file coords.tsv (TSV, C-alpha atoms)
chain	number	residue	atom	x	y	z
A	1	MET	CA	6.12	8.04	-55.69
A	2	ASN	CA	4.62	11.26	-54.44
A	3	GLN	CA	1.59	9.33	-53.35
A	4	LEU	CA	3.80	6.99	-51.33
A	5	LYS	CA	5.43	9.93	-49.63
A	6	LEU	CA	2.04	11.37	-48.84
A	7	ILE	CA	0.89	8.09	-47.30
A	8	ALA	CA	4.11	7.85	-45.29
A	9	ALA	CA	3.60	11.39	-44.09
A	10	ALA	CA	0.01	10.67	-43.16
A	11	VAL	CA	0.98	7.52	-41.28
A	12	SER	CA	3.74	9.25	-39.35
A	13	LEU	CA	1.40	12.10	-38.55
A	14	LEU	CA	-1.14	9.60	-37.26
A	15	LEU	CA	1.49	7.85	-35.14
A	16	PHE	CA	2.69	11.16	-33.85
A	17	THR	CA	-0.82	12.22	-32.87
A	18	THR	CA	-1.49	8.97	-30.99
A	19	ALA	CA	1.82	9.30	-29.19
A	20	VAL	CA	1.00	12.84	-28.19
A	21	GLN	CA	-2.48	11.83	-27.12
A	22	ALA	CA	-1.20	9.00	-24.98
A	23	GLN	CA	1.27	11.32	-23.38
A	24	GLN	CA	-1.43	13.55	-22.05
A	25	VAL	CA	-1.97	13.04	-18.39
A	26	GLN	CA	-4.59	15.06	-16.65
A	27	VAL	CA	-3.50	16.19	-13.21
A	28	ILE	CA	-6.57	16.11	-11.02
A	29	LYS	CA	-7.61	16.76	-7.44
A	30	LEU	CA	-9.83	14.47	-5.39
A	31	PRO	CA	-13.21	16.11	-6.23
A	32	GLU	CA	-12.53	15.64	-9.96
A	33	LEU	CA	-11.71	11.97	-9.38
A	34	GLN	CA	-14.87	11.54	-7.34
A	35	LYS	CA	-16.84	13.14	-10.15
A	36	ARG	CA	-15.36	10.68	-12.63
A	37	LEU	CA	-16.15	7.75	-10.35
A	38	SER	CA	-19.76	8.74	-9.77
A	39	ARG	CA	-21.06	8.98	-13.32
A	40	PRO	CA	-24.47	7.28	-13.27
A	41	THR	CA	-23.86	5.27	-16.44
A	42	ASP	CA	-24.03	1.56	-17.15
A	43	THR	CA	-20.31	1.46	-17.85
A	44	THR	CA	-18.01	-0.76	-15.89
A	45	TYR	CA	-15.01	1.22	-14.73
A	46	VAL	CA	-11.77	-0.58	-14.04
A	47	VAL	CA	-9.81	1.86	-11.91
A	48	ASN	CA	-6.23	0.97	-11.08
A	49	PHE	CA	-4.19	3.05	-8.63
A	50	TRP	CA	-0.49	2.72	-9.39
A	51	ALA	CA	2.84	4.54	-9.40
A	52	THR	CA	5.95	4.36	-11.54
A	53	TRP	CA	8.03	3.54	-8.42
A	54	CYS	CA	5.78	0.63	-7.43
A	55	GLY	CA	7.21	-2.66	-8.70
A	56	PRO	CA	4.08	-4.82	-8.49
A	57	CYS	CA	2.06	-2.00	-10.13
A	58	VAL	CA	4.40	-1.73	-13.09
A	59	LYS	CA	4.25	-5.51	-13.49
A	60	GLU	CA	0.45	-5.71	-13.59
A	61	LEU	CA	-0.22	-2.47	-15.49
A	62	PRO	CA	-0.07	-4.08	-18.97
A	63	HIS	CA	-2.91	-6.45	-17.96
A	64	PHE	CA	-5.08	-3.45	-17.17
A	65	ASP	CA	-4.13	-1.53	-20.26
A	66	LYS	CA	-4.90	-4.55	-22.42
A	67	LEU	CA	-8.54	-4.46	-21.26
A	68	THR	CA	-8.96	-1.20	-23.16
A	69	THR	CA	-8.33	-3.13	-26.38
A	70	THR	CA	-10.04	-6.39	-25.38
A	71	TYR	CA	-13.25	-4.68	-24.29
A	72	LYS	CA	-13.20	-1.99	-26.95
A	73	ASN	CA	-16.75	-2.78	-28.08
A	74	GLN	CA	-18.22	-3.19	-24.63
A	75	LYS	CA	-19.14	-0.74	-21.94
A	76	VAL	CA	-15.86	-1.06	-20.12
A	77	LYS	CA	-13.51	1.80	-19.37
A	78	VAL	CA	-10.05	1.59	-17.87
A	79	LEU	CA	-8.77	4.48	-15.78
A	80	LEU	CA	-5.18	4.40	-14.57
A	81	VAL	CA	-4.71	6.70	-11.60
A	82	SER	CA	-1.06	7.53	-11.02
A	83	MET	CA	-0.16	8.23	-7.40
A	84	ASP	CA	3.24	9.60	-8.36
A	85	TYR	CA	4.16	13.02	-7.01
A	86	VAL	CA	3.14	15.76	-9.43
A	87	SER	CA	6.80	16.82	-9.46
A	88	GLN	CA	7.53	13.53	-11.26
A	89	LEU	CA	4.98	14.10	-14.03
A	90	ASP	CA	7.41	15.05	-16.79
A	91	LYS	CA	10.40	13.15	-15.45
A	92	LYS	CA	8.78	9.79	-14.72
A	93	VAL	CA	5.08	9.47	-15.52
A	94	LYS	CA	4.94	10.77	-19.11
A	95	PRO	CA	8.04	8.85	-20.27
A	96	PHE	CA	6.61	5.71	-18.65
A	97	ILE	CA	3.35	6.06	-20.58
A	98	VAL	CA	5.18	6.55	-23.87
A	99	LYS	CA	7.59	3.70	-23.23
A	100	ASN	CA	4.78	1.28	-22.42
A	101	ALA	CA	2.51	2.70	-25.15
A	102	LEU	CA	-0.44	2.88	-22.76
A	103	LYS	CA	-3.79	3.19	-24.50
A	104	SER	CA	-5.97	3.78	-21.46
A	105	ASP	CA	-6.84	7.06	-19.79
A	106	VAL	CA	-4.19	8.11	-17.30
A	107	VAL	CA	-4.71	10.74	-14.63
A	108	LEU	CA	-2.41	11.82	-11.83
A	109	LEU	CA	-4.01	12.37	-8.44
A	110	ASN	CA	-2.40	15.48	-7.06
A	111	GLU	CA	-3.14	15.26	-3.35
A	112	THR	CA	-0.68	15.14	-0.46
A	113	ASP	CA	-2.59	13.84	2.56
A	114	PRO	CA	-3.51	10.16	2.09
A	115	ASN	CA	-5.20	10.11	5.49
A	116	THR	CA	-7.99	12.22	4.05
A	117	TYR	CA	-8.27	11.00	0.48
A	118	LEU	CA	-7.78	7.24	0.94
A	119	THR	CA	-10.95	6.85	2.99
A	120	THR	CA	-12.91	9.02	0.56
A	121	ILE	CA	-11.89	6.79	-2.33
A	122	ASP	CA	-12.53	3.61	-0.34
A	123	PRO	CA	-12.83	3.09	3.43
A	124	LYS	CA	-11.24	-0.36	3.17
A	125	TRP	CA	-8.06	0.86	1.43
A	126	THR	CA	-5.18	0.78	3.94
A	127	GLY	CA	-2.85	2.61	1.57
A	128	SER	CA	-0.70	0.02	-0.13
A	129	LEU	CA	-0.30	0.00	-3.90
A	130	PRO	CA	-1.49	-1.37	-6.25
A	131	PHE	CA	-5.18	-0.87	-5.49
A	132	THR	CA	-7.99	-1.71	-7.90
A	133	LEU	CA	-11.61	-0.67	-7.98
A	134	LEU	CA	-14.32	-2.19	-10.21
A	135	LEU	CA	-17.33	0.04	-10.44
A	136	ASN	CA	-20.71	0.16	-12.17
A	137	ASN	CA	-22.91	2.95	-10.85
A	138	ALA	CA	-26.04	2.15	-12.86
A	139	ARG	CA	-26.04	-1.33	-11.38
A	140	HIS	CA	-24.86	-0.16	-7.95
A	141	LYS	CA	-21.91	-2.50	-8.01
A	142	ARG	CA	-18.53	-1.86	-6.51
A	143	ILE	CA	-15.66	-4.12	-5.49
A	144	THR	CA	-12.08	-3.36	-4.42
A	145	PHE	CA	-8.80	-5.24	-4.33
A	146	GLU	CA	-5.67	-4.26	-2.41
A	147	GLN	CA	-3.47	-6.75	-4.23
A	148	GLU	CA	-1.51	-7.47	-7.40
A	149	PHE	CA	-3.22	-9.20	-10.32
A	150	THR	CA	-2.12	-11.71	-12.91
A	151	ALA	CA	-3.78	-11.30	-16.32
A	152	GLU	CA	-5.95	-14.39	-15.68
A	153	GLU	CA	-7.09	-13.27	-12.22
A	154	LEU	CA	-8.00	-9.85	-13.53
A	155	GLN	CA	-10.01	-11.29	-16.44
A	156	LYS	CA	-11.79	-13.64	-14.05
A	157	GLN	CA	-12.70	-10.90	-11.58
A	158	LEU	CA	-13.88	-8.54	-14.30
A	159	GLN	CA	-16.01	-11.21	-15.99
A	160	ALA	CA	-17.56	-12.19	-12.65
A	161	PHE	CA	-18.24	-8.52	-11.93
A	162	MET	CA	-19.94	-7.93	-15.28
A	163	ARG	CA	-22.15	-11.01	-15.05
M	164	MET	CA	-27.21	-44.63	10.97
M	165	LYS	CA	-29.75	-41.83	10.81
M	166	LYS	CA	-28.37	-40.38	14.02
M	167	LEU	CA	-24.82	-40.79	12.94
M	168	PHE	CA	-25.07	-38.29	10.12
M	169	PRO	CA	-25.95	-35.21	12.18
M	170	PHE	CA	-23.29	-36.26	14.65
M	171	LEU	CA	-20.68	-36.51	11.93
M	172	ALA	CA	-21.90	-33.28	10.39
M	173	SER	CA	-21.57	-31.39	13.66
M	174	LEU	CA	-18.15	-32.93	14.13
M	175	LEU	CA	-17.18	-31.64	10.71
M	176	VAL	CA	-18.48	-28.15	11.53
M	177	LEU	CA	-16.53	-28.21	14.77
M	178	ALA	CA	-13.38	-29.32	13.00
M	179	LEU	CA	-13.80	-26.61	10.35
M	180	SER	CA	-14.50	-23.85	12.86
M	181	SER	CA	-11.49	-24.77	14.96
M	182	PHE	CA	-9.46	-24.71	11.79
M	183	VAL	CA	-10.65	-21.17	11.16
M	184	ILE	CA	-9.85	-20.13	14.73
M	185	LEU	CA	-6.43	-21.75	14.66
M	186	ARG	CA	-5.39	-20.05	11.47
M	187	PRO	CA	-2.86	-17.29	12.05
M	188	VAL	CA	-4.49	-13.87	12.12
M	189	ALA	CA	-3.26	-12.60	8.80
M	190	ASP	CA	-5.72	-10.10	7.47
M	191	ALA	CA	-7.21	-8.54	10.58
M	192	GLY	CA	-4.13	-7.62	12.62
M	193	TYR	CA	-4.12	-5.33	15.63
M	194	GLN	CA	-6.61	-2.59	16.32
M	195	VAL	CA	-5.99	0.29	18.69
M	196	GLY	CA	-6.52	-1.08	22.21
M	197	ASP	CA	-5.23	-4.58	21.45
M	198	LYS	CA	-2.37	-6.13	23.38
M	199	ALA	CA	0.68	-6.66	21.19
M	200	ALA	CA	2.36	-10.03	21.56
M	201	ASP	CA	6.10	-9.88	22.17
M	202	PHE	CA	8.45	-11.12	19.49
M	203	LYS	CA	12.08	-12.10	19.11
M	204	LEU	CA	13.73	-10.85	15.93
M	205	LYS	CA	17.30	-10.58	14.77
M	206	ASN	CA	18.82	-7.10	14.84
M	207	VAL	CA	21.43	-5.89	12.34
M	208	ASP	CA	24.07	-6.43	15.08
M	209	GLY	CA	23.18	-10.14	15.11
M	210	LYS	CA	21.48	-10.05	18.52
M	211	LEU	CA	17.88	-11.02	19.15
M	212	VAL	CA	15.57	-8.20	20.26
M	213	SER	CA	12.30	-8.44	22.22
M	214	LEU	CA	9.94	-5.77	23.51
M	215	ALA	CA	10.53	-7.08	27.06
M	216	ASP	CA	14.31	-6.47	26.82
M	217	ASN	CA	14.20	-2.74	27.42
M	218	LYS	CA	12.91	-2.49	30.97
M	219	ALA	CA	13.02	1.31	30.93
M	220	ALA	CA	10.81	1.67	27.85
M	221	LYS	CA	7.41	3.24	28.50
M	222	GLY	CA	6.49	2.08	25.05
M	223	TYR	CA	7.77	1.79	21.50
M	224	ILE	CA	7.32	3.36	18.11
M	225	VAL	CA	7.29	0.22	15.99
M	226	VAL	CA	7.74	0.95	12.31
M	227	PHE	CA	7.55	-1.58	9.52
M	228	THR	CA	9.92	-0.22	6.92
M	229	CYS	CA	12.55	-1.34	4.44
M	230	ASN	CA	15.58	-0.32	2.38
M	231	THR	CA	13.93	-0.23	-1.00
M	232	CYS	CA	10.50	1.42	-0.94
M	233	PRO	CA	10.56	5.05	-2.14
M	234	TYR	CA	8.08	6.02	0.57
M	235	ALA	CA	10.16	4.33	3.25
M	236	LYS	CA	13.20	6.18	1.92
M	237	ALA	CA	11.30	9.45	1.91
M	238	TYR	CA	10.47	8.91	5.58
M	239	GLU	CA	13.82	7.48	6.71
M	240	GLN	CA	15.21	10.73	8.10
M	241	ARG	CA	11.90	11.48	9.80
M	242	ILE	CA	12.02	8.04	11.48
M	243	ILE	CA	15.57	8.74	12.67
M	244	ASN	CA	14.37	12.09	14.04
M	245	LEU	CA	11.45	10.42	15.84
M	246	ASN	CA	13.89	8.21	17.71
M	247	THR	CA	16.04	11.21	18.61
M	248	LYS	CA	13.01	12.98	19.97
M	249	TYR	CA	11.10	10.17	21.68
M	250	ALA	CA	13.75	7.69	22.88
M	251	PRO	CA	14.76	10.11	25.70
M	252	GLN	CA	11.07	10.33	26.62
M	253	GLY	CA	10.87	6.55	26.96
M	254	TYR	CA	9.53	5.67	23.50
M	255	PRO	CA	12.35	4.43	21.29
M	256	VAL	CA	11.88	3.43	17.66
M	257	VAL	CA	11.98	-0.25	16.71
M	258	ALA	CA	12.25	-0.69	12.95
M	259	ILE	CA	11.21	-4.00	11.41
M	260	ASN	CA	11.87	-5.01	7.81
M	261	PRO	CA	9.21	-7.54	6.75
M	262	ASN	CA	10.06	-7.85	3.06
M	263	ASP	CA	10.98	-11.19	1.54
M	264	PRO	CA	14.60	-10.81	0.35
M	265	ALA	CA	13.97	-13.50	-2.26
M	266	THR	CA	11.58	-11.03	-3.93
M	267	VAL	CA	13.55	-7.88	-3.06
M	268	PRO	CA	17.30	-8.58	-2.84
M	269	GLY	CA	17.83	-4.99	-1.64
M	270	ASP	CA	16.12	-5.96	1.61
M	271	SER	CA	18.48	-8.81	2.51
M	272	PHE	CA	19.97	-8.93	6.00
M	273	ALA	CA	23.37	-7.83	4.65
M	274	GLU	CA	21.77	-4.85	2.89
M	275	MET	CA	19.90	-3.96	6.08
M	276	GLN	CA	23.20	-3.98	7.98
M	277	LYS	CA	24.74	-1.73	5.36
M	278	ARG	CA	21.84	0.73	5.49
M	279	ALA	CA	21.75	0.90	9.30
M	280	LYS	CA	25.48	1.57	9.39
M	281	GLU	CA	25.43	4.16	6.62
M	282	LYS	CA	22.60	6.13	8.23
M	283	LYS	CA	23.83	5.46	11.78
M	284	TYR	CA	20.53	4.04	13.04
M	285	ALA	CA	20.47	4.54	16.82
M	286	PHE	CA	17.62	2.02	17.10
M	287	PRO	CA	17.18	-1.68	16.33
M	288	TYR	CA	16.56	-2.61	12.69
M	289	LEU	CA	15.10	-6.10	12.82
M	290	GLN	CA	14.53	-8.66	10.14
M	291	ASP	CA	11.10	-10.34	10.22
M	292	GLU	CA	12.33	-13.40	8.42
M	293	THR	CA	9.15	-15.49	8.74
M	294	GLN	CA	6.96	-12.37	8.28
M	295	GLN	CA	4.98	-13.61	11.27
M	296	VAL	CA	5.30	-10.33	13.18
M	297	ALA	CA	4.07	-8.27	10.23
M	298	HIS	CA	1.13	-10.66	9.85
M	299	GLN	CA	0.39	-10.46	13.56
M	300	PHE	CA	0.40	-6.68	13.57
M	301	GLY	CA	-1.62	-6.53	10.36
M	302	ALA	CA	0.98	-4.40	8.62
M	303	THR	CA	0.27	-4.04	4.90
M	304	ARG	CA	2.83	-1.54	3.68
M	305	THR	CA	6.12	0.19	4.33
M	306	PRO	CA	6.26	2.47	6.19
M	307	HIS	CA	3.48	1.42	8.60
M	308	LEU	CA	3.64	2.61	12.21
M	309	TYR	CA	2.37	1.26	15.50
M	310	VAL	CA	2.84	3.04	18.82
M	311	LEU	CA	2.81	0.66	21.78
M	312	THR	CA	2.39	1.89	25.35
M	313	ARG	CA	3.34	-0.16	28.40
M	314	GLN	CA	0.58	-1.08	30.80
M	315	SER	CA	2.34	-3.06	33.55
M	316	THR	CA	3.78	-6.05	31.68
M	317	ASP	CA	1.69	-5.59	28.53
M	318	PHE	CA	2.26	-3.44	25.49
M	319	VAL	CA	-0.97	-1.98	24.19
M	320	VAL	CA	-1.41	-0.73	20.62
M	321	SER	CA	-2.19	2.98	21.04
M	322	TYR	CA	-1.72	4.44	17.57
M	323	ILE	CA	-1.66	2.95	14.07
M	324	GLY	CA	-0.84	4.62	10.81
M	325	ALA	CA	1.02	7.51	9.30
M	326	ILE	CA	3.81	9.84	10.41
M	327	ASP	CA	2.38	12.97	8.81
M	328	ASP	CA	0.41	14.28	5.83
M	329	ASN	CA	3.16	14.89	3.28
M	330	SER	CA	5.46	12.08	2.24
M	331	GLU	CA	7.29	14.00	-0.44
M	332	ASP	CA	8.46	17.00	1.52
M	333	ALA	CA	8.87	17.17	5.30
M	334	LYS	CA	8.94	20.96	5.05
M	335	LEU	CA	5.42	21.07	3.60
M	336	VAL	CA	3.84	18.96	6.34
M	337	LYS	CA	0.73	20.53	7.83
M	338	THR	CA	-0.34	17.84	10.29
M	339	LYS	CA	2.12	15.67	12.20
M	340	TYR	CA	-0.28	12.84	13.00
M	341	LEU	CA	2.20	10.72	14.92
M	342	GLU	CA	3.70	13.56	16.97
M	343	ASN	CA	0.23	14.81	17.87
M	344	ALA	CA	-0.63	11.33	19.13
M	345	MET	CA	2.70	11.05	20.96
M	346	THR	CA	2.11	14.31	22.82
M	347	GLU	CA	-1.08	12.86	24.25
M	348	LEU	CA	0.31	9.36	24.85
M	349	VAL	CA	3.41	10.66	26.64
M	350	ALA	CA	1.05	12.64	28.89
M	351	GLY	CA	-0.77	9.40	29.71
M	352	LYS	CA	-3.84	10.27	27.66
M	353	PRO	CA	-5.29	8.27	24.77
M	354	ALA	CA	-4.55	9.68	21.31
M	355	SER	CA	-7.56	11.63	20.04
M	356	VAL	CA	-6.62	10.65	16.47
M	357	SER	CA	-5.40	7.09	16.99
M	358	SER	CA	-5.68	5.71	13.49
M	359	THR	CA	-4.53	7.30	10.24
M	360	LYS	CA	-3.81	6.14	6.72
M	361	ALA	CA	-0.83	6.53	4.46
M	362	ILE	CA	0.36	5.41	1.07
M	363	GLY	CA	3.18	2.92	1.05
M	364	CYS	CA	4.71	-0.01	-0.78
M	365	THR	CA	2.97	-3.33	-0.38
M	366	ILE	CA	4.92	-5.64	1.93
M	367	LYS	CA	6.59	-8.19	-0.33
M	368	TRP	CA	5.13	-11.40	1.09
M	369	LYS	CA	6.77	-14.74	0.49
M	370	LYS	CA	5.16	-16.69	-2.32
M	371	ALA	CA	2.85	-19.24	-0.73
call {"tool": "encode", "arguments": {"input": "coords.tsv", "output": "structure tokens"}}
result
Amino acid sequence: MNQLKLIAAAVSLLLFTTAVQAQQVQVIKLPELQKRLSRPTDTTYVVNFWATWCGPCVKELPHFDKLTTTYKNQKVKVLLVSMDYVSQLDKKVKPFIVKNALKSDVVLLNETDPNTYLTTIDPKWTGSLPFTLLLNNARHKRITFEQEFTAEELQKQLQAFMR
Amino acid sequence: MKKLFPFLASLLVLALSSFVILRPVADAGYQVGDKAADFKLKNVDGKLVSLADNKAAKGYIVVFTCNTCPYAKAYEQRIINLNTKYAPQGYPVVAINPNDPATVPGDSFAEMQKRAKEKKYAFPYLQDETQQVAHQFGATRTPHLYVLTRQSTDFVVSYIGAIDDNSEDAKLVKTKYLENAMTELVAGKPASVSSTKAIGCTIKWKKA
């Protein structure tokens, strides 16, 4: 009986830790994001720019988050970059991550002037959300999409990119 | 027969290329310096509005916006203020809602009427029902601004992009991109920064 209690305690502790971990959102400035996007490794980064207020983003976000599980044993990393205002971090972004049990890394880009940072991230980005960037620095590959994805389209694009 | 094939092939190429040319310009849209084609869209008062209607206008501040996008809402008061400031100088605001109401019910014509009345819009708020005008301009998001300046009977695209550098808080704005451009345009000079970028909500296009 005691053993059962111990296991239950351990399980709930584990669940609690994952929940807390998932809730952590690093608030970063542009140079930090650039640093993350320029690592010279043979890892394919799937970078999705989204916001809690953006309907199409919220709809497609689960497809992106699922890649973290699907490609667990491959060199694929999903980074979800929230474009929400930093003032919405505790009110909107963190609860959203918990509610949707997101497993991928989430950062919040804390910059105000899109006219300067959009071009730095990608010259082709006109500024609408969602925006997706597939990136592999070791293989000098980079492709961007200013559109919403279905799960199938995303899989297809990622597989084509990794080929 | 041997000669027929290249002939047919070139015919095919011709047919294909004309197809490409004839396709509506969807992705490219206007660049600064392009002539903007006039349009005829329904205003919230039920009347049709064209650029040619207002003979006194020296130009227009055309803004693709909507009822529902948080960024459009954040900029709504600033758009109203732009009209207050620039309409007397000959550059009134023309707001165009390009969203498909089937996707976003909050952007229906009735909801647009409600919004315009509530906020006392002193400028046209037009519905781009076929989304052809948004496609023609190359608008991708709300809000997305285009300043047109009159050159005899033409309207030339003279500025494309953002209002300023802080969507969340008008009080924290450091650079008023649009107003800087307007100062130059009103003085008859080209805008030194004529193209800027902003975050916005994707225009909700009709499902093909």
call {"tool": "interface_residues", "arguments": {"input": "coords.tsv", "of": "chain M", "to": "chain A", "cutoff": "8 Å", "atoms": "only C-alpha atoms", "output": "list in words"}}
result
Pro233, Thr303, Arg304, Ala325, Asp328, Asn329, Ser330, Glu331, Thr359, Lys360, Ala361, Ile362, Gly363, Cys364 and Thr365 of chain M
call {"tool": "closest_residue", "arguments": {"input": "coords.tsv", "among": "A:His63, A:Lys99, A:Lys77, A:Lys92", "to": "A:Leu134", "atoms": "all atoms listed in the file"}}
result
A:Lys77
call {"tool": "atom_distance", "arguments": {"input": "coords.tsv", "atom1": "atom CA of A:Met162", "atom2": "atom CA of A:Tyr45"}}
result
10.4 Å
call {"tool": "residues_near_point", "arguments": {"input": "coords.tsv", "point": "(1.7, -11.3, 11.5)", "cutoff": "10 Å", "atoms": "all atoms listed in the file", "output": "list in words"}}
result
Pro187, Val188, Ala189, Asp190, Ala191, Gly192, Tyr193, Pro261, Asp291, Thr293, Gln294, Gln295, Val296, Ala297, His298, Gln299, Phe300, Gly301, Ala302 and Thr303 of chain M
call {"tool": "atom_distance", "arguments": {"input": "coords.tsv", "atom1": "atom CA of M:Val257", "atom2": "atom CA of M:Leu289"}}
result
7.7 Å
call {"tool": "closest_residue", "arguments": {"input": "coords.tsv", "among": "M:Cys229, M:Val319, M:Ile366, M:Ala285", "to": "M:Lys198", "atoms": "only C-alpha atoms"}}
result
M:Val319
call {"tool": "atom_distance", "arguments": {"input": "coords.tsv", "atom1": "atom CA of M:Lys334", "atom2": "atom CA of A:Asn110"}}
result
17.5 Å
call {"tool": "build_atoms", "arguments": {"input": "coords.tsv", "residues": "stretch 269-280 of chain M", "atoms": "N, CA and C atoms", "output": "CSV table (one decimal), in the coordinates of the input"}}
result
chain,number,residue,atom,x,y,z
M,269,GLY,N,17.4,-6.2,-2.4
M,269,GLY,CA,17.8,-5.0,-1.6
M,269,GLY,C,17.4,-5.0,-0.2
M,270,ASP,N,16.6,-5.9,0.2
M,270,ASP,CA,16.1,-6.0,1.6
M,270,ASP,C,16.7,-7.2,2.3
M,271,SER,N,17.8,-7.7,1.8
M,271,SER,CA,18.5,-8.8,2.5
M,271,SER,C,19.1,-8.3,3.8
M,272,PHE,N,19.4,-9.3,4.7
M,272,PHE,CA,20.0,-8.9,6.0
M,272,PHE,C,21.3,-8.1,5.8
M,273,ALA,N,22.1,-8.5,4.9
M,273,ALA,CA,23.4,-7.8,4.6
M,273,ALA,C,23.1,-6.4,4.2
M,274,GLU,N,22.1,-6.2,3.4
M,274,GLU,CA,21.8,-4.8,2.9
M,274,GLU,C,21.2,-4.0,4.0
M,275,MET,N,20.4,-4.7,4.9
M,275,MET,CA,19.9,-4.0,6.1
M,275,MET,C,21.0,-3.5,7.0
M,276,GLN,N,22.0,-4.4,7.2
M,276,GLN,CA,23.2,-4.0,8.0
M,276,GLN,C,23.9,-2.8,7.4
M,277,LYS,N,24.1,-2.8,6.1
M,277,LYS,CA,24.7,-1.7,5.4
M,277,LYS,C,24.0,-0.4,5.6
M,278,ARG,N,22.7,-0.5,5.4
M,278,ARG,CA,21.8,0.7,5.5
M,278,ARG,C,21.9,1.3,6.9
M,279,ALA,N,21.8,0.4,7.9
M,279,ALA,CA,21.8,0.9,9.3
M,279,ALA,C,23.1,1.6,9.7
M,280,LYS,N,24.2,1.0,9.1
M,280,LYS,CA,25.5,1.6,9.4
M,280,LYS,C,25.7,2.9,8.7
